[in-house]
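Structure file target-v5.cif with mmCIF, C-alpha atoms:
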```cif
data_protein
loop_
_atom_site.label_atom_id
_atom_site.label_comp_id
_atom_site.auth_asym_id
_atom_site.auth_seq_id
_atom_site.Cartn_x
_atom_site.Cartn_y
_atom_site.Cartn_z
CA MET A 1 -1.41 -6.83 -39.54
CA LYS A 2 -4.54 -5.43 -37.98
CA VAL A 3 -6.03 -6.82 -34.79
CA ARG A 4 -9.51 -5.82 -33.71
CA VAL A 5 -10.14 -6.00 -29.97
CA HIS A 6 -13.79 -5.86 -28.96
CA VAL A 7 -14.37 -4.85 -25.34
CA SER A 8 -17.86 -5.20 -23.90
CA LEU A 9 -19.45 -4.97 -20.48
CA LYS A 10 -19.96 -8.28 -18.73
CA PRO A 11 -23.52 -9.57 -18.67
CA GLY A 12 -25.28 -8.28 -15.58
CA VAL A 13 -23.20 -5.10 -15.34
CA LEU A 14 -25.55 -2.16 -15.67
CA ASP A 15 -24.84 0.02 -18.71
CA PRO A 16 -26.29 3.50 -18.14
CA GLN A 17 -24.96 4.72 -21.50
CA GLY A 18 -26.66 1.84 -23.30
CA ARG A 19 -29.89 2.57 -21.48
CA ALA A 20 -29.79 6.25 -22.44
CA VAL A 21 -29.10 5.36 -26.08
CA HIS A 22 -31.93 2.84 -25.96
CA HIS A 23 -34.31 5.56 -24.82
CA ALA A 24 -33.02 7.86 -27.55
CA LEU A 25 -33.68 5.23 -30.21
CA GLU A 26 -37.20 4.83 -28.91
CA GLY A 27 -37.57 8.60 -28.98
CA LEU A 28 -36.62 8.55 -32.67
CA GLY A 29 -39.45 6.12 -33.27
CA PHE A 30 -37.44 2.91 -33.72
CA ALA A 31 -39.49 0.07 -32.31
CA GLY A 32 -38.44 -3.47 -31.56
CA VAL A 33 -35.13 -2.71 -29.80
CA SER A 34 -35.17 -4.56 -26.49
CA ASP A 35 -31.72 -3.62 -25.17
CA VAL A 36 -28.62 -1.58 -26.02
CA ARG A 37 -25.16 -2.20 -24.62
CA ILE A 38 -22.17 -0.09 -25.56
CA GLY A 39 -18.70 -1.50 -25.95
CA ARG A 40 -15.43 -0.38 -27.46
CA LEU A 41 -13.55 -1.38 -30.58
CA ILE A 42 -9.77 -1.05 -30.42
CA GLU A 43 -7.74 -1.57 -33.57
CA LEU A 44 -4.12 -2.51 -33.17
CA GLU A 45 -1.58 -2.49 -35.98
CA VAL A 46 0.88 -5.21 -35.01
CA ASP A 47 3.83 -7.09 -36.44
CA ASP A 48 3.12 -10.61 -37.62
CA SER A 49 5.37 -11.85 -34.83
CA VAL A 50 2.96 -10.68 -32.11
CA THR A 51 1.31 -13.78 -30.66
CA ASP A 52 -2.27 -14.32 -29.53
CA GLU A 53 -0.90 -14.81 -26.05
CA GLN A 54 0.71 -11.36 -26.14
CA ILE A 55 -2.54 -9.78 -27.35
CA ASP A 56 -4.32 -11.60 -24.53
CA GLN A 57 -1.93 -10.02 -22.07
CA MET A 58 -2.47 -6.57 -23.60
CA CYS A 59 -6.20 -7.01 -23.12
CA ARG A 60 -5.91 -8.24 -19.56
CA GLN A 61 -3.36 -5.70 -18.42
CA LEU A 62 -4.78 -2.59 -20.03
CA LEU A 63 -7.31 -2.72 -22.85
CA ALA A 64 -10.10 -4.29 -20.78
CA ASN A 65 -10.94 -3.97 -17.10
CA MET A 66 -11.58 -7.58 -16.15
CA VAL A 67 -13.75 -6.53 -13.19
CA ILE A 68 -16.49 -5.22 -15.47
CA GLU A 69 -15.55 -6.09 -19.05
CA ASN A 70 -15.04 -9.02 -21.38
CA TYR A 71 -12.96 -8.92 -24.52
CA ARG A 72 -12.40 -10.88 -27.68
CA PHE A 73 -10.12 -10.18 -30.61
CA GLU A 74 -9.67 -11.16 -34.20
CA ARG A 75 -6.91 -10.70 -36.73
CA ALA A 76 -8.11 -8.87 -39.81
CA MET B 1 9.08 14.13 13.78
CA ALA B 2 7.94 15.99 10.71
CA PHE B 3 5.11 14.41 8.77
CA ARG B 4 6.23 13.52 5.27
CA SER B 5 3.45 13.34 2.74
CA ALA B 6 3.45 13.34 -1.04
CA VAL B 7 0.75 14.22 -3.55
CA ILE B 8 1.05 12.55 -6.94
CA THR B 9 0.21 14.67 -9.98
CA PHE B 10 -0.81 13.02 -13.24
CA PRO B 11 -1.39 14.92 -16.46
CA GLY B 12 -4.97 16.10 -15.98
CA SER B 13 -5.03 15.97 -12.18
CA ASN B 14 -6.85 19.07 -10.94
CA CYS B 15 -7.29 18.56 -7.20
CA ASP B 16 -3.61 17.99 -6.47
CA ARG B 17 -3.08 21.50 -5.16
CA ASP B 18 -6.15 21.34 -2.90
CA MET B 19 -4.90 18.03 -1.55
CA ALA B 20 -1.42 19.43 -0.94
CA VAL B 21 -2.87 22.48 0.84
CA ALA B 22 -5.02 20.26 3.07
CA LEU B 23 -2.08 18.04 4.01
CA SER B 24 0.32 20.95 4.46
CA GLU B 25 -2.02 23.08 6.56
CA ILE B 26 -3.25 20.30 8.77
CA SER B 27 0.12 18.62 9.30
CA GLY B 28 2.14 21.82 9.49
CA THR B 29 4.69 20.40 7.03
CA GLU B 30 4.68 21.15 3.33
CA ALA B 31 3.43 18.21 1.28
CA LEU B 32 5.89 17.02 -1.36
CA ARG B 33 4.76 17.02 -4.97
CA VAL B 34 5.55 14.07 -7.19
CA TRP B 35 5.13 13.87 -10.97
CA HIS B 36 3.61 10.76 -12.55
CA GLY B 37 6.65 10.12 -14.72
CA ASP B 38 8.96 9.80 -11.72
CA ALA B 39 9.97 6.22 -11.13
CA GLU B 40 10.60 6.65 -7.43
CA LEU B 41 8.83 8.22 -4.48
CA PRO B 42 10.65 10.47 -2.02
CA GLU B 43 12.19 8.48 0.81
CA ARG B 44 10.57 7.85 4.19
CA LEU B 45 7.06 8.88 3.25
CA ASP B 46 4.38 8.74 5.93
CA PHE B 47 1.48 9.32 3.58
CA ILE B 48 0.68 9.28 -0.13
CA ALA B 49 -2.31 11.03 -1.68
CA LEU B 50 -3.70 10.41 -5.15
CA PRO B 51 -5.82 13.44 -6.06
CA GLY B 52 -8.94 14.00 -8.10
CA GLY B 53 -9.06 15.18 -11.67
CA PHE B 54 -9.20 13.70 -15.13
CA SER B 55 -5.85 12.00 -15.52
CA TYR B 56 -5.01 11.44 -19.18
CA GLY B 57 -8.38 12.91 -20.09
CA ASP B 58 -10.09 9.75 -18.86
CA TYR B 59 -8.78 8.03 -22.01
CA LEU B 60 -9.74 4.35 -22.28
CA ARG B 61 -11.35 4.29 -18.80
CA SER B 62 -11.13 6.74 -15.91
CA GLY B 63 -7.84 6.12 -14.14
CA ALA B 64 -6.73 3.39 -16.54
CA MET B 65 -3.75 5.19 -18.01
CA ALA B 66 -2.58 6.71 -14.73
CA ALA B 67 -2.70 3.28 -13.09
CA ARG B 68 0.00 2.13 -15.53
CA SER B 69 2.24 5.19 -15.15
CA PRO B 70 5.78 4.74 -13.79
CA ILE B 71 5.08 6.23 -10.35
CA MET B 72 2.21 3.83 -9.70
CA ARG B 73 4.59 0.89 -9.51
CA ALA B 74 6.28 2.70 -6.62
CA VAL B 75 2.91 3.58 -5.03
CA VAL B 76 1.73 -0.05 -5.21
CA GLU B 77 5.01 -1.17 -3.70
CA ALA B 78 4.78 1.43 -0.89
CA ALA B 79 1.16 0.48 -0.19
CA GLY B 80 2.31 -3.12 0.11
CA ARG B 81 4.80 -2.03 2.77
CA GLY B 82 1.95 -0.40 4.69
CA VAL B 83 2.41 3.25 3.72
CA PRO B 84 -1.04 4.89 3.96
CA VAL B 85 -2.55 5.88 0.62
CA LEU B 86 -5.54 8.21 0.37
CA ALA B 87 -7.07 8.03 -3.09
CA VAL B 88 -9.80 10.55 -3.79
CA CYS B 89 -12.14 10.67 -6.78
CA ASN B 90 -9.93 10.11 -9.83
CA GLY B 91 -7.41 8.72 -7.34
CA PHE B 92 -10.00 6.10 -6.33
CA GLN B 93 -10.44 5.22 -10.00
CA VAL B 94 -6.67 4.93 -10.37
CA VAL B 95 -6.22 2.58 -7.39
CA THR B 96 -9.04 0.28 -8.50
CA GLU B 97 -7.48 0.17 -11.97
CA ALA B 98 -4.11 -0.55 -10.35
CA GLY B 99 -5.60 -3.41 -8.34
CA LEU B 100 -4.96 -1.83 -4.92
CA LEU B 101 -8.69 -1.89 -4.19
CA PRO B 102 -11.35 -4.25 -5.54
CA GLY B 103 -14.16 -3.18 -7.84
CA ALA B 104 -14.47 -0.51 -10.49
CA LEU B 105 -15.96 2.97 -10.86
CA MET B 106 -18.45 3.15 -13.69
CA ARG B 107 -20.46 5.94 -15.29
CA ASN B 108 -23.01 7.43 -12.86
CA ALA B 109 -26.33 5.63 -13.19
CA GLY B 110 -28.04 8.89 -14.19
CA GLN B 111 -25.34 9.67 -16.80
CA HIS B 112 -24.79 13.15 -15.40
CA PHE B 113 -21.72 14.70 -13.88
CA ILE B 114 -22.75 15.37 -10.28
CA CYS B 115 -21.22 18.29 -8.40
CA ARG B 116 -22.74 18.92 -4.96
CA THR B 117 -22.26 18.26 -1.30
CA VAL B 118 -23.70 14.91 -0.24
CA PRO B 119 -24.45 13.32 3.12
CA LEU B 120 -22.24 10.35 3.96
CA LYS B 121 -22.58 7.80 6.70
CA VAL B 122 -19.35 6.78 8.40
CA GLU B 123 -19.44 2.98 8.44
CA ASN B 124 -16.04 2.21 9.88
CA SER B 125 -14.54 4.52 12.50
CA GLN B 126 -11.65 2.20 13.34
CA SER B 127 -9.35 2.87 10.40
CA LEU B 128 -6.41 5.24 10.34
CA PHE B 129 -8.41 7.58 8.11
CA THR B 130 -11.74 7.44 9.91
CA ALA B 131 -10.77 7.26 13.59
CA GLY B 132 -11.81 10.89 14.03
CA TYR B 133 -15.42 10.07 13.27
CA GLU B 134 -18.09 8.17 15.13
CA ALA B 135 -19.45 5.02 13.54
CA GLY B 136 -22.85 5.86 12.07
CA GLU B 137 -22.14 9.59 12.09
CA GLU B 138 -23.48 11.58 9.15
CA ILE B 139 -21.04 13.98 7.56
CA HIS B 140 -21.25 16.24 4.52
CA ILE B 141 -18.56 16.16 1.85
CA PRO B 142 -18.59 17.49 -1.72
CA ILE B 143 -18.55 15.17 -4.70
CA ALA B 144 -17.72 16.08 -8.30
CA HIS B 145 -17.64 13.16 -10.68
CA ALA B 146 -19.18 11.45 -13.70
CA ASP B 147 -17.72 8.01 -13.02
CA GLY B 148 -18.45 7.30 -9.37
CA ASN B 149 -20.79 4.37 -9.69
CA TYR B 150 -19.02 1.72 -7.60
CA PHE B 151 -19.30 -1.79 -8.94
CA ALA B 152 -18.07 -5.09 -7.57
CA ASP B 153 -19.58 -8.57 -7.74
CA GLU B 154 -21.85 -9.67 -4.91
CA ALA B 155 -19.24 -11.93 -3.32
CA THR B 156 -16.75 -9.06 -3.21
CA LEU B 157 -19.35 -6.68 -1.77
CA ASP B 158 -20.25 -9.22 0.92
CA ARG B 159 -16.60 -9.65 1.78
CA LEU B 160 -16.03 -5.87 1.99
CA GLU B 161 -19.02 -5.47 4.28
CA GLY B 162 -18.10 -8.50 6.40
CA GLU B 163 -14.56 -7.25 6.91
CA GLY B 164 -15.64 -3.71 7.78
CA ARG B 165 -13.97 -2.33 4.69
CA VAL B 166 -16.80 -0.04 3.65
CA ALA B 167 -15.51 3.22 5.13
CA PHE B 168 -18.25 5.55 3.90
CA ARG B 169 -21.66 5.07 2.41
CA TYR B 170 -23.87 7.66 0.71
CA ALA B 171 -26.73 8.42 3.08
CA GLU B 172 -29.00 8.69 0.04
CA PRO B 173 -28.73 7.25 -3.48
CA VAL B 174 -26.33 9.45 -5.45
CA ASN B 175 -24.74 7.76 -8.44
CA GLY B 176 -25.96 4.18 -8.56
CA SER B 177 -23.10 2.76 -6.48
CA ALA B 178 -23.56 -0.81 -5.32
CA ARG B 179 -24.96 -0.69 -1.78
CA ASP B 180 -24.39 3.09 -1.86
CA ILE B 181 -20.69 2.58 -1.23
CA ALA B 182 -18.72 5.83 -1.30
CA GLY B 183 -15.37 4.70 0.09
CA VAL B 184 -13.57 1.40 0.66
CA LEU B 185 -10.47 0.22 2.48
CA ASN B 186 -7.99 -2.43 1.43
CA GLU B 187 -7.55 -5.55 3.51
CA ALA B 188 -4.70 -4.11 5.57
CA GLY B 189 -6.58 -0.84 6.12
CA ASN B 190 -3.81 1.42 4.80
CA VAL B 191 -5.41 2.26 1.46
CA LEU B 192 -8.64 4.27 1.37
CA GLY B 193 -10.37 5.03 -1.90
CA MET B 194 -13.34 7.41 -1.88
CA MET B 195 -15.24 9.43 -4.45
CA PRO B 196 -16.12 12.38 -2.12
CA HIS B 197 -13.49 15.10 -1.69
CA PRO B 198 -12.48 15.54 1.98
CA GLU B 199 -9.83 18.09 0.92
CA ARG B 200 -12.65 20.36 -0.27
CA ALA B 201 -14.17 20.49 3.21
CA ILE B 202 -11.41 21.41 5.64
CA GLU B 203 -12.47 24.89 6.77
CA ALA B 204 -15.63 26.93 7.23
CA ALA B 205 -14.90 28.98 4.11
CA HIS B 206 -15.37 25.78 2.09
CA GLY B 207 -18.94 25.61 3.31
CA GLY B 208 -18.13 22.82 5.73
CA SER B 209 -15.19 21.21 7.49
CA ASP B 210 -16.27 17.61 7.88
CA GLY B 211 -13.32 16.45 5.78
CA ARG B 212 -10.78 17.93 8.13
CA ARG B 213 -11.03 15.15 10.70
CA LEU B 214 -10.00 12.57 8.11
CA PHE B 215 -6.65 14.31 7.70
CA GLU B 216 -6.33 15.13 11.40
CA SER B 217 -6.90 11.57 12.52
CA ALA B 218 -4.58 10.11 9.90
CA ILE B 219 -1.81 12.59 10.68
CA ARG B 220 -2.22 12.18 14.43
CA GLY B 221 -2.26 8.40 14.10
CA LEU B 222 0.93 8.43 12.06
CA VAL B 223 2.87 11.03 14.02
CA GLU B 224 2.09 9.29 17.31
CA ALA B 225 2.86 5.86 15.91
#
```
Structure translated into structure tokens:
Amino acid sequence: MKVRVHVSLKPGVLDPQGRAVHHALEGLGFAGVSDVRIGRLIELEVDDSVTDEQIDQMCRQLLANMVIENYRFERA
Amino acid sequence: MAFRSAVITFPGSNCDRDMAVALSEISGTEALRVWHGDAELPERLDFIALPGGFSYGDYLRSGAMAARSPIMRAVVEAAGRGVPVLAVCNGFQVVTEAGLLPGALMRNAGQHFICRTVPLKVENSQSLFTAGYEAGEEIHIPIAHADGNYFADEATLDRLEGEGRVAFRYAEPVNGSARDIAGVLNEAGNVLGMMPHPERAIEAAHGGSDGRRLFESAIRGLVEA
């Protein structure tokens, strides 16, 4: 079974990469974009026996840095 | 009594030799070298150094993989017993990821890798690592990093400042760090994390020797203790 973990910066944490990409989009002529924030998608292939609680622990202990990032996950 | 120090090498560390040379030359005793996959540290260590570099190619986040390597369990345990830990550059990223120091090191605000000597203000001259400096003194130490932008929430920053745990501050804006913080101490004062490289400034041939006093004061403090 596939699990998709989405890791994103917490609101309020400055995202220099997002800002640079935002500027680049503007440079390409795309109007109407007010903000860009870059996150990370991690796909896990797991046994059906792996619980949500275990995935939660994976996120907290390694996949996300809880100081600066939030995460959510879904089973595909 | 001989000074026993160890430098931890992770795959991708690249300042481990410089760190070992600094510790060996200044203490007069060869620094021990420890591999990340080792589960145990050498016995009776006086000092542990986590060097700069790009451990695990900065996979996931800078320092994230190294922080979960076998040797880090032993380093966290030793730090808890009061063994001094100097964590420089990637080492700083590793100890924040390992939870030994609060906060996180994010991409530099300007996106660029910055490699130059920067002025630092010594904020705390009372710690083991900074006793050789005067409070408020300006020193010059090289930096070389892409992810040196120190972040912590406001409450944490206030606590660090209130407890005198900001060891060094950039004397000018460098990488977007919150309150220009360049180095922080843990609550007990035995763990120092800093982005600048004191081991790259220990003799005149390096272009400056302001980093030397950090090692001298730590070694003196420990040998006399």
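Nearest residue to Lys10 of chain A, choosing from A:Gln57, A:Asn70, A:Asn65, A:Thr51 and counting only C-alpha atoms: A:Asn70.
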Return as AutoDock Vina command-line options the box centre and box size in Å, one decimal, for an axis-aligned box around all listed atoms of segment 65-82 of chain B padded by 4 Å per side.
```
--center_x 1.3 --center_y 1.8 --center_z -6.7 --size_x 18.0 --size_y 17.8 --size_z 30.7
```
Could you list the residues in chain B lying within 9 Å of chain A, using all atoms listed in the file, and format the result as a PDB file with C-alpha atoms, keeping the file's coordinate frame?
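In the end it all went to result-v3.pdb:
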```
ATOM      1  CA  LEU B  60      -9.740   4.350 -22.280  1.00  0.00           C
ATOM      2  CA  ARG B  61     -11.350   4.290 -18.800  1.00  0.00           C
ATOM      3  CA  ALA B  64      -6.730   3.390 -16.540  1.00  0.00           C
ATOM      4  CA  MET B  65      -3.750   5.190 -18.010  1.00  0.00           C
ATOM      5  CA  ARG B  68       0.000   2.130 -15.530  1.00  0.00           C
ATOM      6  CA  GLU B  97      -7.480   0.170 -11.970  1.00  0.00           C
ATOM      7  CA  PRO B 102     -11.350  -4.250  -5.540  1.00  0.00           C
ATOM      8  CA  GLY B 103     -14.160  -3.180  -7.840  1.00  0.00           C
ATOM      9  CA  ALA B 104     -14.470  -0.510 -10.490  1.00  0.00           C
ATOM     10  CA  MET B 106     -18.450   3.150 -13.690  1.00  0.00           C
ATOM     11  CA  ARG B 107     -20.460   5.940 -15.290  1.00  0.00           C
ATOM     12  CA  ASN B 108     -23.010   7.430 -12.860  1.00  0.00           C
ATOM     13  CA  ALA B 109     -26.330   5.630 -13.190  1.00  0.00           C
ATOM     14  CA  GLY B 110     -28.040   8.890 -14.190  1.00  0.00           C
ATOM     15  CA  GLN B 111     -25.340   9.670 -16.800  1.00  0.00           C
ATOM     16  CA  PHE B 151     -19.300  -1.790  -8.940  1.00  0.00           C
ATOM     17  CA  ALA B 152     -18.070  -5.090  -7.570  1.00  0.00           C
ATOM     18  CA  ASP B 153     -19.580  -8.570  -7.740  1.00  0.00           C
TER      19      ASP B 153
END
```
Compare B:Ala205, B:Ala98, B:Val184, B:Met194 by their minimum atom-to-atom distance to Ile143 of chain B, counting only C-alpha atoms, and give me the closest one. B:Met194
Expected selection from the PyMOL selection byres ((chain B and resi 215) around 9), given as a ChimeraX atom specification: /B:22-23,26-27,129-130,132,198-199,202,211-214,216-220
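The space between atom CA of Thr9 of chain B and atom CA of Val34 of chain B spans 6.1 Å.
In this model, the gap between atom CA of Cys89 of chain B and atom CA of His36 of chain B comes to 16.8 Å.
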